[in-house]
file target_24.cif (mmCIF, C-alpha atoms, pLDDT in the B column; chains and numbers go by the auth columns)
data_model
loop_
_atom_site.group_PDB
_atom_site.id
_atom_site.type_symbol
_atom_site.label_atom_id
_atom_site.label_comp_id
_atom_site.label_asym_id
_atom_site.label_seq_id
_atom_site.Cartn_x
_atom_site.Cartn_y
_atom_site.Cartn_z
_atom_site.B_iso_or_equiv
_atom_site.auth_seq_id
_atom_site.auth_asym_id
ATOM 1 C CA MET A 1 88.766 -40.192 66.050 79.00 1 A
ATOM 2 C CA LEU A 2 87.655 -42.047 69.122 94.00 2 A
ATOM 3 C CA ASP A 3 84.062 -42.213 70.336 96.00 3 A
ATOM 4 C CA ASP A 4 82.960 -40.153 73.322 97.00 4 A
ATOM 5 C CA GLY A 5 84.329 -41.671 76.509 97.00 5 A
ATOM 6 C CA THR A 6 87.298 -41.782 78.853 98.00 6 A
ATOM 7 C CA TYR A 7 90.596 -43.343 77.806 98.00 7 A
ATOM 8 C CA ASP A 8 93.890 -44.018 79.589 98.00 8 A
ATOM 9 C CA VAL A 9 96.667 -42.714 77.352 98.00 9 A
ATOM 10 C CA ILE A 10 100.427 -42.232 77.188 98.00 10 A
ATOM 11 C CA ILE A 11 101.839 -39.172 75.440 98.00 11 A
ATOM 12 C CA ILE A 12 104.210 -40.498 72.793 98.00 12 A
ATOM 13 C CA ASP A 13 105.074 -37.229 71.041 98.00 13 A
ATOM 14 C CA ALA A 14 104.578 -33.535 71.799 98.00 14 A
ATOM 15 C CA ASN A 15 105.616 -30.500 69.784 98.00 15 A
ATOM 16 C CA ALA A 16 105.164 -26.797 70.478 97.00 16 A
ATOM 17 C CA ARG A 17 103.469 -24.916 67.663 97.00 17 A
ATOM 18 C CA ASP A 18 104.022 -21.319 66.567 97.00 18 A
ATOM 19 C CA ASP A 19 100.551 -20.352 67.857 96.00 19 A
ATOM 20 C CA GLY A 20 101.407 -21.428 71.426 95.00 20 A
ATOM 21 C CA ALA A 21 99.460 -24.695 71.270 97.00 21 A
ATOM 22 C CA ILE A 22 101.033 -28.125 71.694 97.00 22 A
ATOM 23 C CA ALA A 23 100.394 -30.947 69.234 98.00 23 A
ATOM 24 C CA MET A 24 100.375 -34.268 71.100 98.00 24 A
ATOM 25 C CA ASP A 25 100.235 -37.817 69.800 98.00 25 A
ATOM 26 C CA VAL A 26 98.690 -40.013 72.466 98.00 26 A
ATOM 27 C CA ALA A 27 98.418 -43.809 72.497 98.00 27 A
ATOM 28 C CA VAL A 28 95.474 -45.472 74.199 98.00 28 A
ATOM 29 C CA SER A 29 96.959 -47.783 76.831 98.00 29 A
ATOM 30 C CA SER A 30 93.974 -49.899 77.920 97.00 30 A
ATOM 31 C CA GLY A 31 90.575 -51.152 76.848 96.00 31 A
ATOM 32 C CA ALA A 32 89.175 -52.120 73.475 95.00 32 A
ATOM 33 C CA ARG A 33 90.969 -49.255 71.672 96.00 33 A
ATOM 34 C CA ARG A 34 94.392 -50.079 73.165 98.00 34 A
ATOM 35 C CA GLY A 35 97.163 -49.172 70.727 97.00 35 A
ATOM 36 C CA ASP A 36 95.163 -46.553 68.833 98.00 36 A
ATOM 37 C CA VAL A 37 97.091 -43.302 68.332 98.00 37 A
ATOM 38 C CA VAL A 38 95.314 -39.952 68.202 96.00 38 A
ATOM 39 C CA THR A 39 96.710 -36.469 67.599 97.00 39 A
ATOM 40 C CA ILE A 40 95.350 -33.720 69.837 96.00 40 A
ATOM 41 C CA ILE A 41 96.020 -29.986 69.673 96.00 41 A
ATOM 42 C CA ALA A 42 96.119 -28.630 73.234 95.00 42 A
ATOM 43 C CA THR A 43 95.884 -24.961 74.155 95.00 43 A
ATOM 44 C CA GLY A 44 96.396 -23.196 77.442 92.00 44 A
ATOM 45 C CA LEU A 45 98.979 -25.621 78.800 92.00 45 A
ATOM 46 C CA THR A 46 101.624 -24.253 81.140 90.00 46 A
ATOM 47 C CA ARG A 47 103.944 -27.210 80.599 91.00 47 A
ATOM 48 C CA ASP A 48 106.777 -27.483 78.127 94.00 48 A
ATOM 49 C CA ALA A 49 106.166 -29.948 75.287 97.00 49 A
ATOM 50 C CA ILE A 50 109.302 -31.945 76.111 96.00 50 A
ATOM 51 C CA ASP A 51 108.099 -32.434 79.701 96.00 51 A
ATOM 52 C CA LEU A 52 104.964 -34.175 78.411 97.00 52 A
ATOM 53 C CA LEU A 53 106.785 -37.033 76.685 97.00 53 A
ATOM 54 C CA ALA A 54 105.952 -40.471 78.121 98.00 54 A
ATOM 55 C CA MET A 55 103.534 -38.937 80.619 97.00 55 A
ATOM 56 C CA PRO A 56 100.410 -40.939 81.430 98.00 56 A
ATOM 57 C CA ALA A 57 97.152 -39.002 81.160 98.00 57 A
ATOM 58 C CA THR A 58 93.421 -39.400 80.753 98.00 58 A
ATOM 59 C CA LEU A 59 91.788 -38.468 77.455 98.00 59 A
ATOM 60 C CA ILE A 60 88.164 -37.430 77.844 97.00 60 A
ATOM 61 C CA ILE A 61 86.031 -36.968 74.752 97.00 61 A
ATOM 62 C CA GLU A 62 82.634 -35.310 75.187 97.00 62 A
ATOM 63 C CA GLY A 63 80.504 -34.306 72.232 97.00 63 A
ATOM 64 C CA GLY A 64 83.448 -35.071 69.970 94.00 64 A
ATOM 65 C CA THR A 65 85.659 -32.568 71.792 95.00 65 A
ATOM 66 C CA PRO A 66 88.804 -34.016 73.389 95.00 66 A
ATOM 67 C CA ARG A 67 90.561 -32.820 76.518 94.00 67 A
ATOM 68 C CA VAL A 68 93.532 -34.254 78.350 95.00 68 A
ATOM 69 C CA VAL A 69 93.779 -34.464 82.124 95.00 69 A
ATOM 70 C CA PHE A 70 97.191 -34.998 83.734 92.00 70 A
#

call {"tool": "encode", "arguments": {"input": "target_24.cif", "output": "structure tokens"}}
result
Amino acid sequence: MLDDGTYDVIIIDANARDDGAIAMDVAVSSGARRGDVVTIIATGLTRDAIDLLAMPATLIIEGGTPRVVF
């Protein structure tokens, strides 16, 4: 897992889960952690998983809890 902070990422894979969440693999696209890939389970999204592919986003980690901002 990444340390708390803000990271520019690209969504490289996204799959809908049976529980309504979306599992996303994101690749850090800048900074010292560039190239690192992290899997995030996102809930409450109104977007289709396929629409997220190759989308740039910001990954914010606070207190070890990640969230993605589009």

call {"tool": "atom_distance", "arguments": {"input": "target_24.cif", "atom1": "CA of Asp8 (chain A)", "atom2": "CA of Ile40 (chain A)"}}
result
14.3 Å

call {"tool": "atom_distance", "arguments": {"input": "target_24.cif", "atom1": "CA of Tyr7 (chain A)", "atom2": "CA of Asp19 (chain A)"}}
result
27.0 Å

call {"tool": "closest_residue", "arguments": {"input": "target_24.cif", "among": "A:Ala21, A:Asp51, A:Leu2, A:Val69", "to": "Val38 (chain A)", "atoms": "only C-alpha atoms"}}
result
A:Leu2

call {"tool": "resolve_selection", "arguments": {"input": "target_24.cif", "expression": "the PyMOL selection byres ((chain A and resi 31) around 12)", "output": "tab-separated table (two decimals) with C-alpha atoms, in the frame of the given file"}}
result
chain	number	residue	atom	x	y	z
A	5	GLY	CA	84.33	-41.67	76.51
A	6	THR	CA	87.30	-41.78	78.85
A	7	TYR	CA	90.60	-43.34	77.81
A	8	ASP	CA	93.89	-44.02	79.59
A	9	VAL	CA	96.67	-42.71	77.35
A	27	ALA	CA	98.42	-43.81	72.50
A	28	VAL	CA	95.47	-45.47	74.20
A	29	SER	CA	96.96	-47.78	76.83
A	30	SER	CA	93.97	-49.90	77.92
A	32	ALA	CA	89.18	-52.12	73.47
A	33	ARG	CA	90.97	-49.26	71.67
A	34	ARG	CA	94.39	-50.08	73.17
A	35	GLY	CA	97.16	-49.17	70.73
A	36	ASP	CA	95.16	-46.55	68.83

call {"tool": "closest_residue", "arguments": {"input": "target_24.cif", "among": "A:Met24, A:Ile41, A:Met1, A:Arg17", "to": "Ala54 (chain A)", "atoms": "all atoms listed in the file"}}
result
A:Met24

call {"tool": "resolve_selection", "arguments": {"input": "target_24.cif", "expression": "the PyMOL selection byres ((chain A and resi 42) around 10)", "output": "PyMOL selection string"}}
result
chain A and resi 14+16-17+20-24+39-41+43-45+66-68

call {"tool": "write_last_selection", "arguments": {"input": "target_24.cif", "atoms": "C-alpha atoms", "output": "mmCIF file, in the frame of the given file"}}
result
data_model
loop_
_atom_site.group_PDB
_atom_site.id
_atom_site.type_symbol
_atom_site.label_atom_id
_atom_site.label_comp_id
_atom_site.auth_asym_id
_atom_site.auth_seq_id
_atom_site.Cartn_x
_atom_site.Cartn_y
_atom_site.Cartn_z
ATOM 1 C CA ALA A 14 104.578 -33.535 71.799
ATOM 2 C CA ALA A 16 105.164 -26.797 70.478
ATOM 3 C CA ARG A 17 103.469 -24.916 67.663
ATOM 4 C CA GLY A 20 101.407 -21.428 71.426
ATOM 5 C CA ALA A 21 99.460 -24.695 71.270
ATOM 6 C CA ILE A 22 101.033 -28.125 71.694
ATOM 7 C CA ALA A 23 100.394 -30.947 69.234
ATOM 8 C CA MET A 24 100.375 -34.268 71.100
ATOM 9 C CA THR A 39 96.710 -36.469 67.599
ATOM 10 C CA ILE A 40 95.350 -33.720 69.837
ATOM 11 C CA ILE A 41 96.020 -29.986 69.673
ATOM 12 C CA THR A 43 95.884 -24.961 74.155
ATOM 13 C CA GLY A 44 96.396 -23.196 77.442
ATOM 14 C CA LEU A 45 98.979 -25.621 78.800
ATOM 15 C CA PRO A 66 88.804 -34.016 73.389
ATOM 16 C CA ARG A 67 90.561 -32.820 76.518
ATOM 17 C CA VAL A 68 93.532 -34.254 78.350
#

call {"tool": "closest_residue", "arguments": {"input": "target_24.cif", "among": "A:Asp25, A:Asp13, A:Asp18, A:Glu62", "to": "Ile50 (chain A)", "atoms": "only C-alpha atoms"}}
result
A:Asp13

call {"tool": "closest_residue", "arguments": {"input": "target_24.cif", "among": "A:Thr46, A:Asp4, A:Gly64, A:Leu52", "to": "Val26 (chain A)", "atoms": "only C-alpha atoms"}}
result
A:Leu52

call {"tool": "atom_distance", "arguments": {"input": "target_24.cif", "atom1": "CA of Ile10 (chain A)", "atom2": "CA of Val37 (chain A)"}}
result
9.5 Å

call {"tool": "build_atoms", "arguments": {"input": "target_24.cif", "residues": "region 38-51 of chain A", "atoms": "N, CA and C atoms", "output": "PDB file, in the frame of the given file"}}
result
ATOM      1  N   VAL A  38      96.124 -41.111  68.572  1.00 96.00           N
ATOM      2  CA  VAL A  38      95.314 -39.952  68.202  1.00 96.00           C
ATOM      3  C   VAL A  38      96.171 -38.703  68.376  1.00 96.00           C
ATOM      4  N   THR A  39      96.032 -37.752  67.468  1.00 97.00           N
ATOM      5  CA  THR A  39      96.710 -36.469  67.599  1.00 97.00           C
ATOM      6  C   THR A  39      95.729 -35.446  68.156  1.00 97.00           C
ATOM      7  N   ILE A  40      96.174 -34.732  69.178  1.00 96.00           N
ATOM      8  CA  ILE A  40      95.350 -33.720  69.837  1.00 96.00           C
ATOM      9  C   ILE A  40      96.119 -32.400  69.831  1.00 96.00           C
ATOM     10  N   ILE A  41      95.428 -31.317  69.578  1.00 96.00           N
ATOM     11  CA  ILE A  41      96.020 -29.986  69.673  1.00 96.00           C
ATOM     12  C   ILE A  41      95.533 -29.381  70.991  1.00 96.00           C
ATOM     13  N   ALA A  42      96.459 -29.149  71.910  1.00 95.00           N
ATOM     14  CA  ALA A  42      96.119 -28.630  73.234  1.00 95.00           C
ATOM     15  C   ALA A  42      96.508 -27.164  73.342  1.00 95.00           C
ATOM     16  N   THR A  43      95.614 -26.377  73.933  1.00 95.00           N
ATOM     17  CA  THR A  43      95.884 -24.961  74.155  1.00 95.00           C
ATOM     18  C   THR A  43      95.826 -24.669  75.652  1.00 95.00           C
ATOM     19  N   GLY A  44      96.464 -23.625  76.055  1.00 92.00           N
ATOM     20  CA  GLY A  44      96.396 -23.196  77.442  1.00 92.00           C
ATOM     21  C   GLY A  44      97.232 -24.009  78.414  1.00 92.00           C
ATOM     22  N   LEU A  45      98.130 -24.832  77.910  1.00 92.00           N
ATOM     23  CA  LEU A  45      98.979 -25.621  78.800  1.00 92.00           C
ATOM     24  C   LEU A  45     100.131 -24.767  79.319  1.00 92.00           C
ATOM     25  N   THR A  46     100.498 -24.987  80.553  1.00 90.00           N
ATOM     26  CA  THR A  46     101.624 -24.253  81.140  1.00 90.00           C
ATOM     27  C   THR A  46     102.881 -25.121  81.170  1.00 90.00           C
ATOM     28  N   ARG A  47     102.801 -26.297  80.610  1.00 91.00           N
ATOM     29  CA  ARG A  47     103.944 -27.210  80.599  1.00 91.00           C
ATOM     30  C   ARG A  47     104.682 -27.110  79.272  1.00 91.00           C
ATOM     31  N   ASP A  48     105.955 -27.423  79.315  1.00 94.00           N
ATOM     32  CA  ASP A  48     106.777 -27.483  78.127  1.00 94.00           C
ATOM     33  C   ASP A  48     106.479 -28.791  77.396  1.00 94.00           C
ATOM     34  N   ALA A  49     106.484 -28.754  76.075  1.00 97.00           N
ATOM     35  CA  ALA A  49     106.166 -29.948  75.287  1.00 97.00           C
ATOM     36  C   ALA A  49     107.082 -31.118  75.633  1.00 97.00           C
ATOM     37  N   ILE A  50     108.349 -30.866  75.825  1.00 96.00           N
ATOM     38  CA  ILE A  50     109.302 -31.945  76.111  1.00 96.00           C
ATOM     39  C   ILE A  50     108.998 -32.623  77.444  1.00 96.00           C
ATOM     40  N   ASP A  51     108.452 -31.869  78.396  1.00 96.00           N
ATOM     41  CA  ASP A  51     108.099 -32.434  79.701  1.00 96.00           C
ATOM     42  C   ASP A  51     106.914 -33.395  79.624  1.00 96.00           C
TER      43      ASP A  51
END
